[in-house]
Amino acid sequence: MRQSELFTRVERNAPKDEATVNAQLLHRAGFVDKLMSGVYSYLPLGLQVLRNIEQIVREEMNAIGGQEVLMPVLHPKSIWEKSGGWDRIDVLFKLESRTGKEYALGQSEEEVVTPLVMKRVQTYQDLPLAVYQIHWKFRDELRSKSGLLRGVEFFMKDMYSFHESQEDFDRFYGIVRKAYLKIFERAGLVAKATEASGGSFSEKISYEFMVLTDAGEDDILYCDVCEFCVNVTIAKQAVGSACPGCKQGKLHKARASEVGNVFDLGEKYAKDFDLTFVGRDKKKHHPVMGCYGVGVSRLMGVVVEKFHDEKGIIWPESVAPFRAHLLELGNASAKEVYDYLQTQGVEVLYDDRNASAGEKFVEADLIGIPWRLVVSEKTGGKVEVKHRTSKDAKLVTKEELVNAMKIQTKT
RNA sequence: CGGGCUGUAGUGUAACGGCAGCACGAGUCCUUUGGGAGGAUUUAGUUCGGGUUCAAAUCCCGGCAGCCCGACCA
């Protein structure tokens, strides 16, 4: 992609109202544009990051047998009355058409997926089943905040699983848990599986996947030795007390952002929508349901909160909008290098603009693409390669570039 | 939803109640080109409605919007 043709551009100043790093940097670097509080447009660079995260999530969900579907955002009132959500869920957006019909905007999709699955599940042989989608969600939050971290409209992966027994749900939960930790790891993050309350729809414990960041909204207690971690709102322990899990470590308190969650829905929705299957005992049963979310757009914000410096964003290679940022300085032309990299399948943003060297460097640091390549009169036919996190650059020929960019630098 | 702060050009910022200015950006031209270059020229603004006043960006009231704290976030 030629940067001269990119329809967004960077801004020198941060918007004065934004206090969080992700809101400031993503706006300045031209990744997103705020339409109103909690609602964003994703511009070319931002959309690419969103798609990259989405693809990681998709691959991991497919790997555990999830089947992707796309369900409606506009829902009839009737399904929300059946589950009781119409009156109970205060974040539910409700609309009325010109003929007076009432609708809801999806804030979660149990009401859609349960009847959908009911049409295709007859016996225990059809179970277990897991379907998911990656789509917009709407929640009428009283207060959006912190850039992409809490929106009224946000992009989310939601998966729903159906099981013939509680034991089978528990088994599957373990599989999803591993897949989730892998997703966050691939996005460059370390997440903790945290015990939390099940909310008003479930008496059972739920699990939240938390990334430690001061920009988050939750406080968690975690063990410094084992994996034990609990949301402070339901914690029975105090800061500094011994870990109830391993009995060795101490509990520490930290601020965190919830990037994923799991709910054990039991038989609630199956009963609401009368979803049954014929079991091995030849009798009718309600399946046990689970629901699993990953906040895709929030994840993008959390990545920026975790990976930035005073100059700008530092994208992990797995989610970066491009692998390389090619700058041509002065009268030199990097067109040949650009064409070559494209034949090698390297995603490259080519800064072919007529701008000063300093401006190009500053903007490249702000945008945060992992590898910076420079072609100038100084590089004498070679290309200068530098990782965003490194101070040192080296000169290589264009044929050596692909190899030179394989060397990972720790962020 | 309660409380606080704030609304001036695309962005950032000035202007005692008295001619709305500056910087960056954007357009054109010239010179520049290794860490936000220089010159010439052009472009673009007081959130909305009411009130006080000879006169309102400025004071008062209300709406709307943004941010922050809290509550909320099945």
# chains A, B, ... in the order shown; residues from 1 in each chain; ligands from 1
call {"tool": "residues_around", "arguments": {"residues": "B:G45", "least_positions_apart": "6", "cutoff": "9 Å", "atoms": "only C-alpha atoms (C1' of nucleotides)", "output": "list of chain:residue names"}}
result
B:U8, B:A9, B:A20
call {"tool": "write_last_selection", "arguments": {"atoms": "N, CA and C atoms (P, O5', C5', C4', C3', O3' and C1' of nucleotides)", "output": "mmCIF file, in the first residue's frame"}}
result
data_model
loop_
_atom_site.group_PDB
_atom_site.id
_atom_site.type_symbol
_atom_site.label_atom_id
_atom_site.label_comp_id
_atom_site.auth_asym_id
_atom_site.auth_seq_id
_atom_site.Cartn_x
_atom_site.Cartn_y
_atom_site.Cartn_z
ATOM 1 P P U B 8 -13.944 23.939 21.134
ATOM 2 O "O5'" U B 8 -14.098 25.463 20.727
ATOM 3 C "C5'" U B 8 -15.146 25.868 19.849
ATOM 4 C "C4'" U B 8 -14.733 27.054 19.042
ATOM 5 C "C3'" U B 8 -13.545 26.838 18.114
ATOM 6 O "O3'" U B 8 -13.931 26.202 16.906
ATOM 7 C "C1'" U B 8 -13.230 28.836 19.305
ATOM 8 P P A B 9 -13.000 25.087 16.324
ATOM 9 O "O5'" A B 9 -12.591 25.598 14.862
ATOM 10 C "C5'" A B 9 -13.567 25.559 13.835
ATOM 11 C "C4'" A B 9 -12.909 25.434 12.484
ATOM 12 C "C3'" A B 9 -11.914 24.291 12.353
ATOM 13 O "O3'" A B 9 -12.030 23.690 11.069
ATOM 14 C "C1'" A B 9 -10.870 26.294 11.768
ATOM 15 P P A B 20 -14.716 41.086 14.713
ATOM 16 O "O5'" A B 20 -13.737 39.995 15.329
ATOM 17 C "C5'" A B 20 -12.780 39.401 14.510
ATOM 18 C "C4'" A B 20 -11.804 38.643 15.360
ATOM 19 C "C3'" A B 20 -10.849 37.774 14.558
ATOM 20 O "O3'" A B 20 -9.706 38.533 14.191
ATOM 21 C "C1'" A B 20 -11.847 36.488 16.258
#
call {"tool": "closest_atom_pairs", "arguments": {"of": "chain A", "to": "chain B", "cutoff": "8 Å", "atoms": "only C-alpha atoms (C1' of nucleotides)", "output": "JSON lines"}}
result
{"residue": "A:Glu11", "atom": "CA", "partner": "B:U11", "partner_atom": "C1'", "distance": 6.8}
{"residue": "A:Arg12", "atom": "CA", "partner": "B:C24", "partner_atom": "C1'", "distance": 7.4}
{"residue": "A:Asn13", "atom": "CA", "partner": "B:G12", "partner_atom": "C1'", "distance": 6.1}
{"residue": "A:Ala14", "atom": "CA", "partner": "B:U11", "partner_atom": "C1'", "distance": 7.8}
{"residue": "A:Pro15", "atom": "CA", "partner": "B:U11", "partner_atom": "C1'", "distance": 7.2}
{"residue": "A:Lys16", "atom": "CA", "partner": "B:G12", "partner_atom": "C1'", "distance": 7.9}
{"residue": "A:Asp17", "atom": "CA", "partner": "B:C67", "partner_atom": "C1'", "distance": 5.0}
{"residue": "A:Glu18", "atom": "CA", "partner": "B:C67", "partner_atom": "C1'", "distance": 6.3}
{"residue": "A:Ala19", "atom": "CA", "partner": "B:C67", "partner_atom": "C1'", "distance": 7.5}
{"residue": "A:Ser37", "atom": "CA", "partner": "B:G66", "partner_atom": "C1'", "distance": 7.5}
{"residue": "A:Gly85", "atom": "CA", "partner": "B:A74", "partner_atom": "C1'", "distance": 7.8}
{"residue": "A:Ile89", "atom": "CA", "partner": "B:A74", "partner_atom": "C1'", "distance": 6.0}
{"residue": "A:Val91", "atom": "CA", "partner": "B:C73", "partner_atom": "C1'", "distance": 7.8}
{"residue": "A:Glu141", "atom": "CA", "partner": "B:C73", "partner_atom": "C1'", "distance": 6.5}
{"residue": "A:Leu142", "atom": "CA", "partner": "B:C72", "partner_atom": "C1'", "distance": 6.6}
{"residue": "A:Gly199", "atom": "CA", "partner": "B:A74", "partner_atom": "C1'", "distance": 6.0}
{"residue": "A:Ser200", "atom": "CA", "partner": "B:A74", "partner_atom": "C1'", "distance": 5.7}
{"residue": "A:Phe201", "atom": "CA", "partner": "B:A74", "partner_atom": "C1'", "distance": 5.5}
{"residue": "A:Leu329", "atom": "CA", "partner": "B:U33", "partner_atom": "C1'", "distance": 6.6}
{"residue": "A:Gly330", "atom": "CA", "partner": "B:U33", "partner_atom": "C1'", "distance": 4.5}
{"residue": "A:Asn331", "atom": "CA", "partner": "B:U33", "partner_atom": "C1'", "distance": 7.7}
{"residue": "A:Ala355", "atom": "CA", "partner": "B:U33", "partner_atom": "C1'", "distance": 7.7}
{"residue": "A:Ser356", "atom": "CA", "partner": "B:U33", "partner_atom": "C1'", "distance": 5.3}
{"residue": "A:Ala357", "atom": "CA", "partner": "B:G34", "partner_atom": "C1'", "distance": 6.1}
{"residue": "A:Gly358", "atom": "CA", "partner": "B:G35", "partner_atom": "C1'", "distance": 4.2}
{"residue": "A:Glu359", "atom": "CA", "partner": "B:G36", "partner_atom": "C1'", "distance": 4.7}
{"residue": "A:Phe361", "atom": "CA", "partner": "B:G35", "partner_atom": "C1'", "distance": 6.1}
{"residue": "A:Val362", "atom": "CA", "partner": "B:G36", "partner_atom": "C1'", "distance": 6.5}
call {"tool": "write_last_selection", "arguments": {"atoms": "C-alpha atoms", "output": "mmCIF file, in the first residue's frame"}}
result
data_model
loop_
_atom_site.group_PDB
_atom_site.id
_atom_site.type_symbol
_atom_site.label_atom_id
_atom_site.label_comp_id
_atom_site.auth_asym_id
_atom_site.auth_seq_id
_atom_site.Cartn_x
_atom_site.Cartn_y
_atom_site.Cartn_z
ATOM 1 C CA GLU A 11 -2.015 14.086 13.580
ATOM 2 C CA ARG A 12 0.631 15.835 15.563
ATOM 3 C CA ASN A 13 -1.495 16.619 18.579
ATOM 4 C CA ALA A 14 -3.557 14.262 20.669
ATOM 5 C CA PRO A 15 -7.233 15.143 21.020
ATOM 6 C CA LYS A 16 -7.381 17.128 24.244
ATOM 7 C CA ASP A 17 -10.297 15.228 25.760
ATOM 8 C CA GLU A 18 -8.896 11.742 25.491
ATOM 9 C CA ALA A 19 -7.106 10.558 28.586
ATOM 10 C CA SER A 37 -18.809 8.366 22.619
ATOM 11 C CA GLY A 85 -34.265 -10.389 28.898
ATOM 12 C CA ILE A 89 -31.396 -6.632 30.830
ATOM 13 C CA VAL A 91 -28.227 -2.593 28.633
ATOM 14 C CA GLU A 141 -23.905 1.451 28.645
ATOM 15 C CA LEU A 142 -24.561 4.485 30.776
ATOM 16 C CA GLY A 199 -24.031 -12.311 36.632
ATOM 17 C CA SER A 200 -27.759 -12.220 37.022
ATOM 18 C CA PHE A 201 -28.437 -14.989 34.518
ATOM 19 C CA LEU A 329 14.048 9.671 1.722
ATOM 20 C CA GLY A 330 15.229 12.550 -0.374
ATOM 21 C CA ASN A 331 15.563 11.853 -4.054
ATOM 22 C CA ALA A 355 7.837 14.695 3.029
ATOM 23 C CA SER A 356 10.924 15.399 5.093
ATOM 24 C CA ALA A 357 12.959 12.577 6.560
ATOM 25 C CA GLY A 358 12.172 13.641 10.103
ATOM 26 C CA GLU A 359 8.470 13.674 9.454
ATOM 27 C CA PHE A 361 10.532 8.797 10.930
ATOM 28 C CA VAL A 362 8.251 10.362 13.483
#
call {"tool": "select_by_dssp", "arguments": {"residues": "stretch 193-387 of chain A", "states": "alpha helix (DSSP H)", "output": "VMD selection string"}}
result
chain A and resid 268 to 272 296 to 306 335 to 343 357 to 367
call {"tool": "residues_around", "arguments": {"residues": "A:Ala196", "least_positions_apart": "2", "cutoff": "12 Å", "atoms": "only C-alpha atoms (C1' of nucleotides)", "output": "JSON, numbers by chain"}}
result
{"A": [192, 193, 194, 198, 199, 202, 203, 204, 205, 206, 207, 208, 209, 210, 218, 219, 220, 221, 229, 230, 231, 232, 233, 234, 235, 236, 258, 260, 261, 262, 263, 264]}
call {"tool": "residues_around", "arguments": {"residues": "stretch 158-166 of chain A", "least_positions_apart": "6", "cutoff": "6 Å", "atoms": "only C-alpha atoms (C1' of nucleotides)", "output": "PyMOL selection string"}}
result
chain A and resi 127-133+287-293
call {"tool": "atom_distance", "arguments": {"atom1": "atom CA of A:Pro72", "atom2": "atom CA of A:Glu102"}}
result
15.2 Å
call {"tool": "decode", "arguments": {"residues": "stretch 212-244 of chain A", "atoms": "N, CA and C atoms", "output": "CSV table (one decimal), in the first residue's frame"}}
result
chain,number,residue,atom,x,y,z
A,212,LEU,N,-3.5,-7.8,32.5
A,212,LEU,CA,-3.1,-6.7,33.5
A,212,LEU,C,-2.8,-5.4,32.8
A,213,THR,N,-3.6,-4.4,33.1
A,213,THR,CA,-3.3,-3.0,32.6
A,213,THR,C,-4.0,-2.0,33.4
A,214,ASP,N,-3.4,-0.9,33.7
A,214,ASP,CA,-4.0,0.1,34.5
A,214,ASP,C,-5.2,0.8,33.8
A,215,ALA,N,-5.3,0.6,32.5
A,215,ALA,CA,-6.4,1.1,31.8
A,215,ALA,C,-7.7,0.3,32.0
A,216,GLY,N,-7.6,-0.9,32.6
A,216,GLY,CA,-8.7,-1.7,32.8
A,216,GLY,C,-9.7,-1.2,33.8
A,217,GLU,N,-10.8,-2.0,33.9
A,217,GLU,CA,-11.9,-1.5,34.8
A,217,GLU,C,-12.1,-2.5,36.0
A,218,ASP,N,-11.3,-3.6,36.0
A,218,ASP,CA,-11.5,-4.6,37.1
A,218,ASP,C,-10.3,-4.7,37.9
A,219,ASP,N,-10.5,-5.1,39.2
A,219,ASP,CA,-9.4,-5.4,40.1
A,219,ASP,C,-9.4,-6.9,40.3
A,220,ILE,N,-8.3,-7.5,40.2
A,220,ILE,CA,-8.2,-8.9,40.4
A,220,ILE,C,-7.1,-9.2,41.5
A,221,LEU,N,-7.3,-10.4,42.1
A,221,LEU,CA,-6.2,-10.9,43.0
A,221,LEU,C,-5.6,-12.1,42.3
A,222,TYR,N,-4.3,-12.1,42.2
A,222,TYR,CA,-3.6,-13.2,41.5
A,222,TYR,C,-2.5,-13.7,42.4
A,223,CYS,N,-2.2,-15.0,42.2
A,223,CYS,CA,-1.1,-15.6,43.0
A,223,CYS,C,0.2,-15.4,42.2
A,224,ASP,N,1.3,-15.1,43.0
A,224,ASP,CA,2.6,-14.9,42.3
A,224,ASP,C,3.3,-16.2,42.1
A,225,VAL,N,2.7,-17.3,42.4
A,225,VAL,CA,3.3,-18.6,42.2
A,225,VAL,C,2.5,-19.5,41.2
A,226,CYS,N,1.2,-19.7,41.5
A,226,CYS,CA,0.4,-20.5,40.6
A,226,CYS,C,-0.5,-19.7,39.8
A,227,GLU,N,-1.5,-20.4,39.1
A,227,GLU,CA,-2.4,-19.7,38.2
A,227,GLU,C,-3.6,-19.1,38.9
A,228,PHE,N,-3.8,-19.3,40.2
A,228,PHE,CA,-4.9,-18.8,40.9
A,228,PHE,C,-5.2,-17.3,40.6
A,229,CYS,N,-6.4,-17.0,40.3
A,229,CYS,CA,-6.8,-15.6,40.1
A,229,CYS,C,-8.3,-15.4,40.3
A,230,VAL,N,-8.6,-14.3,41.0
A,230,VAL,CA,-10.0,-14.1,41.3
A,230,VAL,C,-10.4,-12.6,41.2
A,231,ASN,N,-11.6,-12.4,40.7
A,231,ASN,CA,-12.1,-11.0,40.7
A,231,ASN,C,-12.3,-10.5,42.1
A,232,VAL,N,-11.8,-9.3,42.5
A,232,VAL,CA,-12.0,-8.9,43.9
A,232,VAL,C,-13.5,-8.8,44.3
A,233,THR,N,-14.4,-8.6,43.3
A,233,THR,CA,-15.8,-8.5,43.7
A,233,THR,C,-16.3,-9.7,44.4
A,234,ILE,N,-15.7,-10.9,44.1
A,234,ILE,CA,-16.2,-12.1,44.7
A,234,ILE,C,-15.1,-12.8,45.6
A,235,ALA,N,-14.0,-12.1,45.7
A,235,ALA,CA,-12.8,-12.7,46.4
A,235,ALA,C,-13.1,-12.9,47.9
A,236,LYS,N,-12.8,-14.0,48.4
A,236,LYS,CA,-12.9,-14.2,49.9
A,236,LYS,C,-11.6,-14.0,50.6
A,237,GLN,N,-10.6,-13.7,49.8
A,237,GLN,CA,-9.2,-13.5,50.3
A,237,GLN,C,-8.9,-12.0,50.3
A,238,ALA,N,-7.8,-11.7,51.1
A,238,ALA,CA,-7.3,-10.3,51.1
A,238,ALA,C,-6.0,-10.2,50.4
A,239,VAL,N,-5.6,-9.0,50.0
A,239,VAL,CA,-4.3,-8.8,49.5
A,239,VAL,C,-3.2,-9.2,50.4
A,240,GLY,N,-2.2,-9.9,49.9
A,240,GLY,CA,-1.1,-10.3,50.8
A,240,GLY,C,-1.4,-11.7,51.5
A,241,SER,N,-2.6,-12.2,51.4
A,241,SER,CA,-2.8,-13.5,52.1
A,241,SER,C,-2.3,-14.6,51.3
A,242,ALA,N,-2.2,-15.8,51.9
A,242,ALA,CA,-1.7,-16.9,51.2
A,242,ALA,C,-2.7,-17.4,50.1
A,243,CYS,N,-2.1,-17.9,49.1
A,243,CYS,CA,-2.9,-18.4,47.9
A,243,CYS,C,-3.7,-19.7,48.3
A,244,PRO,N,-5.0,-19.7,48.2
A,244,PRO,CA,-5.8,-20.9,48.5
A,244,PRO,C,-5.6,-22.0,47.5
